[in-house]
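Enquirer: Sharing model_28.txt below, compact mmCIF, C-alpha atoms:
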# COMPACT_ATOMS: atom_id res chain seq x y z
CA MET A 187 -59.82 10.99 58.14
CA ALA A 188 -59.64 10.73 61.94
CA THR A 189 -57.51 7.76 62.94
CA LYS A 190 -57.45 5.96 66.27
CA ILE A 191 -55.01 3.54 67.83
CA ARG A 192 -57.19 0.94 69.52
CA LEU A 193 -57.60 -2.70 70.41
CA ALA A 194 -59.34 -5.25 68.20
CA ARG A 195 -60.57 -8.25 70.19
CA HIS A 196 -59.74 -11.80 69.17
CA GLY A 197 -59.60 -15.10 71.03
CA ARG A 198 -62.33 -17.26 72.42
CA LYS A 199 -64.95 -16.46 75.02
CA GLY A 200 -63.37 -15.70 78.38
CA ARG A 201 -59.83 -15.72 76.93
CA PRO A 202 -59.38 -12.41 75.10
CA PHE A 203 -56.42 -11.57 72.91
CA TYR A 204 -56.13 -8.16 71.32
CA HIS A 205 -54.47 -6.75 68.22
CA ILE A 206 -53.29 -3.15 68.55
CA VAL A 207 -54.41 -1.51 65.34
CA VAL A 208 -54.62 1.88 63.67
CA ALA A 209 -58.13 2.30 62.27
CA ASP A 210 -60.52 4.92 61.02
CA SER A 211 -62.54 6.15 63.99
CA ARG A 212 -65.79 5.32 62.17
CA ALA A 213 -64.86 1.65 61.58
CA PRO A 214 -66.25 -1.04 63.92
CA ARG A 215 -64.13 -2.34 66.80
CA ASP A 216 -63.15 -5.60 65.12
CA GLY A 217 -63.66 -4.35 61.58
CA LYS A 218 -61.52 -2.77 58.93
CA PHE A 219 -58.21 -1.29 60.04
CA ILE A 220 -55.36 0.55 58.37
CA GLU A 221 -52.38 -1.14 60.00
CA ARG A 222 -51.67 -3.63 62.78
CA ILE A 223 -48.90 -2.35 65.05
CA GLY A 224 -48.86 -4.97 67.80
CA SER A 225 -50.67 -7.37 70.08
CA TYR A 226 -51.73 -7.52 73.74
CA ASN A 227 -52.39 -10.69 75.73
CA PRO A 228 -53.92 -9.97 79.17
CA ASN A 229 -54.17 -13.69 80.02
CA THR A 230 -50.53 -13.92 81.13
CA ASN A 231 -49.13 -12.41 84.32
CA PRO A 232 -47.68 -9.85 83.67
CA ALA A 233 -49.57 -9.17 80.44
CA THR A 234 -47.66 -9.84 77.22
CA ILE A 235 -47.31 -6.87 74.89
CA ASN A 236 -45.70 -7.01 71.44
CA LEU A 237 -45.54 -3.57 69.86
CA ASP A 238 -43.75 -2.12 66.84
CA PHE A 239 -42.34 0.92 68.64
CA ASP A 240 -41.41 2.89 65.51
CA LYS A 241 -44.77 2.40 63.77
CA ALA A 242 -46.66 3.41 66.92
CA LEU A 243 -44.51 6.54 67.32
CA THR A 244 -44.95 7.44 63.64
CA TRP A 245 -48.73 7.12 63.87
CA LEU A 246 -48.83 9.23 67.06
CA ASN A 247 -46.73 11.91 65.38
CA ASN A 248 -49.08 11.83 62.39
CA GLY A 249 -52.03 12.60 64.66
CA ALA A 250 -53.60 9.24 65.50
CA GLN A 251 -55.46 9.40 68.83
CA PRO A 252 -55.07 6.41 71.13
CA THR A 253 -58.04 5.13 73.13
CA ASP A 254 -57.67 5.00 76.92
CA THR A 255 -56.51 1.38 77.03
CA ALA A 256 -54.25 1.79 74.01
CA LYS A 257 -52.75 4.91 75.61
CA ALA A 258 -52.01 2.93 78.79
CA ILE A 259 -50.28 0.24 76.72
CA LEU A 260 -48.29 2.81 74.73
CA SER A 261 -47.25 4.50 77.98
CA TYR A 262 -46.19 1.15 79.45
CA GLU A 263 -44.01 0.49 76.42
CA GLY A 264 -42.55 4.02 76.40
CA VAL A 265 -44.03 5.35 73.16
CA MET A 266 -45.78 8.22 74.91
CA MET A 267 -42.56 9.07 76.79
CA MET A 268 -40.60 9.21 73.53
CA LYS A 269 -43.27 11.43 71.95
CA HIS A 270 -43.04 13.73 74.97
CA LEU A 271 -39.24 13.87 74.70
CA GLN A 272 -39.42 14.57 70.96
CA GLY A 273 -41.73 17.49 71.72
CA GLY A 274 -39.04 18.86 74.05
CA VAL A 275 -36.44 18.53 71.29
CA LYS A 276 -38.73 20.40 68.83
CA LYS A 277 -39.22 23.21 71.35
CA GLY A 278 -35.46 23.43 71.89
CA SER A 279 -35.52 22.52 75.60
CA PHE A 280 -32.77 19.93 75.05
CA ASP A 281 -31.06 18.14 72.18
CA GLN A 282 -31.74 14.68 70.70
CA ALA A 283 -28.79 13.07 72.54
CA THR A 284 -30.17 14.21 75.92
CA ALA A 285 -33.60 12.91 74.94
CA GLU A 286 -32.10 9.51 74.08
CA LEU A 287 -30.24 9.41 77.43
CA LYS A 288 -33.41 10.26 79.36
CA PHE A 289 -35.36 7.62 77.47
CA GLU A 290 -32.70 4.94 78.08
CA ALA A 291 -32.66 5.77 81.81
CA TRP A 292 -36.46 5.53 81.93
CA LYS A 293 -36.39 2.24 80.00
CA LYS A 294 -33.83 0.68 82.39
CA GLU A 295 -35.90 1.71 85.40
CA LYS A 296 -39.05 0.28 83.81
CA GLU A 297 -37.34 -3.04 82.98
CA ALA A 298 -36.05 -3.28 86.56
CA LYS A 299 -39.61 -2.86 87.87
CA ILE A 300 -40.94 -5.49 85.45
CA ASN A 301 -38.19 -7.97 86.37
CA ALA A 302 -38.82 -7.36 90.08
CA LYS A 303 -42.51 -8.12 89.56
CA LYS A 304 -41.74 -11.31 87.63
CA GLU A 305 -39.31 -12.46 90.33
CA GLY A 306 -41.85 -11.61 93.03
CA LEU A 307 -44.49 -13.65 91.24
CA SER A 308 -42.18 -16.64 90.81
CA THR A 309 -41.03 -16.56 94.45
CA ALA A 310 -44.63 -16.20 95.60
CA ALA A 311 -45.57 -19.22 93.51
CA THR A 312 -42.74 -21.34 94.91
CA ASP A 313 -43.49 -20.19 98.47
CA SER A 314 -47.17 -21.07 98.12
CA ALA A 315 -46.23 -24.46 96.65
CA LYS A 316 -43.93 -25.13 99.61
CA ALA A 317 -46.64 -24.05 102.06
CA ARG A 318 -49.18 -26.34 100.38
CA LEU A 319 -46.71 -29.24 100.49
CA GLU A 320 -46.01 -28.67 104.19
CA ALA A 321 -49.73 -28.49 104.96
CA GLU A 322 -50.32 -31.65 102.96
CA THR A 323 -47.55 -33.55 104.79
CA LYS A 324 -48.92 -32.37 108.15
CA VAL A 325 -52.43 -33.54 107.23
CA SER A 326 -51.00 -36.84 105.96
CA ALA A 327 -49.02 -37.35 109.20
CA ASP A 328 -52.10 -36.56 111.30
CA ARG A 329 -54.16 -38.97 109.23
CA ALA A 330 -51.52 -41.74 109.60
CA GLU A 331 -51.39 -41.11 113.36
CA ALA A 332 -55.19 -41.37 113.62
CA ILE A 333 -55.16 -44.62 111.63
CA ALA A 334 -52.40 -46.06 113.85
CA LYS A 335 -54.36 -45.08 116.98
CA LYS A 336 -57.51 -46.76 115.63
CA ALA A 337 -55.53 -49.90 114.83
CA ALA A 338 -54.02 -49.93 118.34
CA ASP A 339 -57.46 -49.42 119.92
CA ALA A 340 -58.90 -52.25 117.80
CA ALA A 341 -56.04 -54.54 118.78
CA ALA A 342 -56.58 -53.68 122.46
CA GLU A 343 -60.31 -54.42 122.14
CA ILE A 344 -59.57 -57.77 120.50
CA ALA A 345 -57.05 -58.63 123.21
CA ALA A 346 -59.59 -57.65 125.92
CA ALA A 347 -62.27 -59.77 124.24
CA GLU A 348 -59.87 -62.71 124.05
CA ALA A 349 -58.96 -62.22 127.72
CA ALA A 350 -62.64 -62.03 128.71
CA LYS A 351 -63.39 -65.15 126.69
CA ASN A 352 -60.54 -67.11 128.26
CA ALA A 353 -61.17 -65.78 131.80
CA PRO A 354 -64.34 -67.86 132.49
CA ALA A 355 -62.69 -70.99 131.17
CA GLU A 356 -59.61 -70.40 133.33
CA ALA A 357 -61.82 -69.70 136.38
CA ALA A 358 -63.68 -72.98 135.80
CA ASN A 359 -60.38 -74.79 135.44
CA GLU A 360 -59.12 -73.30 138.69
CA GLU A 361 -62.36 -74.28 140.52
CA GLY A 362 -62.09 -77.80 139.16
CA THR A 363 -58.55 -78.17 140.36
CA GLU A 364 -59.42 -76.79 143.80
CA SER A 365 -62.30 -79.23 144.23
CA THR A 366 -60.18 -82.22 143.31
CA GLU A 367 -57.50 -81.23 145.77
CA ALA A 368 -59.95 -80.89 148.66
Take the structure in the file and give it back as structure tokens.
Expert:
Amino acid sequence: MATKIRLARHGRKGRPFYHIVVADSRAPRDGKFIERIGSYNPNTNPATINLDFDKALTWLNNGAQPTDTAKAILSYEGVMMMKHLQGGVKKGSFDQATAELKFEAWKKEKEAKINAKKEGLSTAATDSAKARLEAETKVSADRAEAIAKKAADAAAEIAAAEAAKNAPAEAANEEGTESTEA
């Protein structure tokens, strides 16, 4: 029986969630499977992967063929690297202790990259939030300034109208006082 390590889709429309399964190659995508070895959630950033490392390595050593996406996930988690190192031990290129040291070094480097990406994403999010807040305060200040200017212009117009209204009455009063004096 030809076995494949592949993804079985779950989740609702537009929000996929995948189970990483070992299945007969003739079985449907979401159908019968032999064993579930993990899960993959591409909706998070970075994607969340839960994988039983030992089961995946055992199935690879037994001859299960991963699909392209499953192979990428297994490589990301280091299963393919460990299989490669175990092949070197079988050939006699190096011993098991050296293989473990190489794998640990690779794993530390990979974790450093992942942590750097997470930190970069969080700093980018905070920076964009600060930029949005600054833009919002600038727009708010501009809007308040425009409102204050309109209010000042309206007050000036009212004062001018009041002055124009009182000017003819004052002129008449001045003419009346001049004629009585003469």
Enquirer: Leu271 of chain A: which residues within 10 Å, counting only C-alpha atoms, same-chain residues fewer than 3 positions away excluded, as a ChimeraX atom specification?
Expert: /A:265-268,274-277,279-282,284-286,288-289
Enquirer: Fewer than 5 positions away in the same chain doesn't count, so skip those; otherwise give me all residues within 12 Å of Ala213 of chain A, counting all atoms listed in the file, as an mmCIF file with C-alpha atoms, keeping the file's coordinate frame.
Expert:
data_model
loop_
_atom_site.group_PDB
_atom_site.id
_atom_site.type_symbol
_atom_site.label_atom_id
_atom_site.label_comp_id
_atom_site.auth_asym_id
_atom_site.auth_seq_id
_atom_site.Cartn_x
_atom_site.Cartn_y
_atom_site.Cartn_z
ATOM 1 C CA MET A 187 -59.820 10.990 58.140
ATOM 2 C CA ALA A 188 -59.640 10.730 61.940
ATOM 3 C CA THR A 189 -57.510 7.760 62.940
ATOM 4 C CA LYS A 190 -57.450 5.960 66.270
ATOM 5 C CA ILE A 191 -55.010 3.540 67.830
ATOM 6 C CA ARG A 192 -57.190 0.940 69.520
ATOM 7 C CA ALA A 194 -59.340 -5.250 68.200
ATOM 8 C CA VAL A 207 -54.410 -1.510 65.340
ATOM 9 C CA VAL A 208 -54.620 1.880 63.670
ATOM 10 C CA LYS A 218 -61.520 -2.770 58.930
ATOM 11 C CA PHE A 219 -58.210 -1.290 60.040
ATOM 12 C CA ILE A 220 -55.360 0.550 58.370
#
Enquirer: Have a look at atom CA of Ala317 of chain A and atom CA of Ala233 of chain A and let me know their distance in Å, one decimal.
Expert: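 For atom CA of Ala317 of chain A relative to atom CA of Ala233 of chain A, the distance reads 26.4 Å.
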Enquirer: What's the separation between atom CA of Lys199 of chain A and atom CA of Ala242 of chain A, in Å to one decimal place?
Expert: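 Computing it gives 28.2 Å between the two atoms.
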Enquirer: Name the residues in contact with Phe239 of chain A at a cut-off of 9 Å, using all atoms listed in the file, excluding same-chain residues fewer than 6 positions from it; report them as an NGL selection string.
Expert: :A and (223-224 or 260 or 263-265)
Enquirer: Separation of atom CA of Tyr226 of chain A and atom CA of Thr309 of chain A, in Å?
Expert: 25.0 Å
Enquirer: For Ala311 of chain A, which of A:Asn352, A:Thr253, A:Asn236, A:Asn231 is the closest residue, counting all atoms listed in the file?
Expert: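 Among the listed residues, the smallest separation from Ala311 of chain A belongs to A:Asn231.
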Enquirer: Using 6 Å of padding on each side, determine the axis-aligned box around all atoms of segment 259-269 of chain A present in the file and give its centre and edge lengths in Å to one decimal, as JSON.
Expert:
{"center_x": -45.4, "center_y": 5.8, "center_z": 75.7, "size_x": 21.7, "size_y": 23.2, "size_z": 19.5}
Enquirer: Would you please work out which residue, of A:Arg212, A:Ala342, A:Gly273, A:Glu290, is nearest to Asn247 of chain A when using only C-alpha atoms?
Expert: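 The shortest atom-to-atom distance to Asn247 of chain A comes from A:Gly273.
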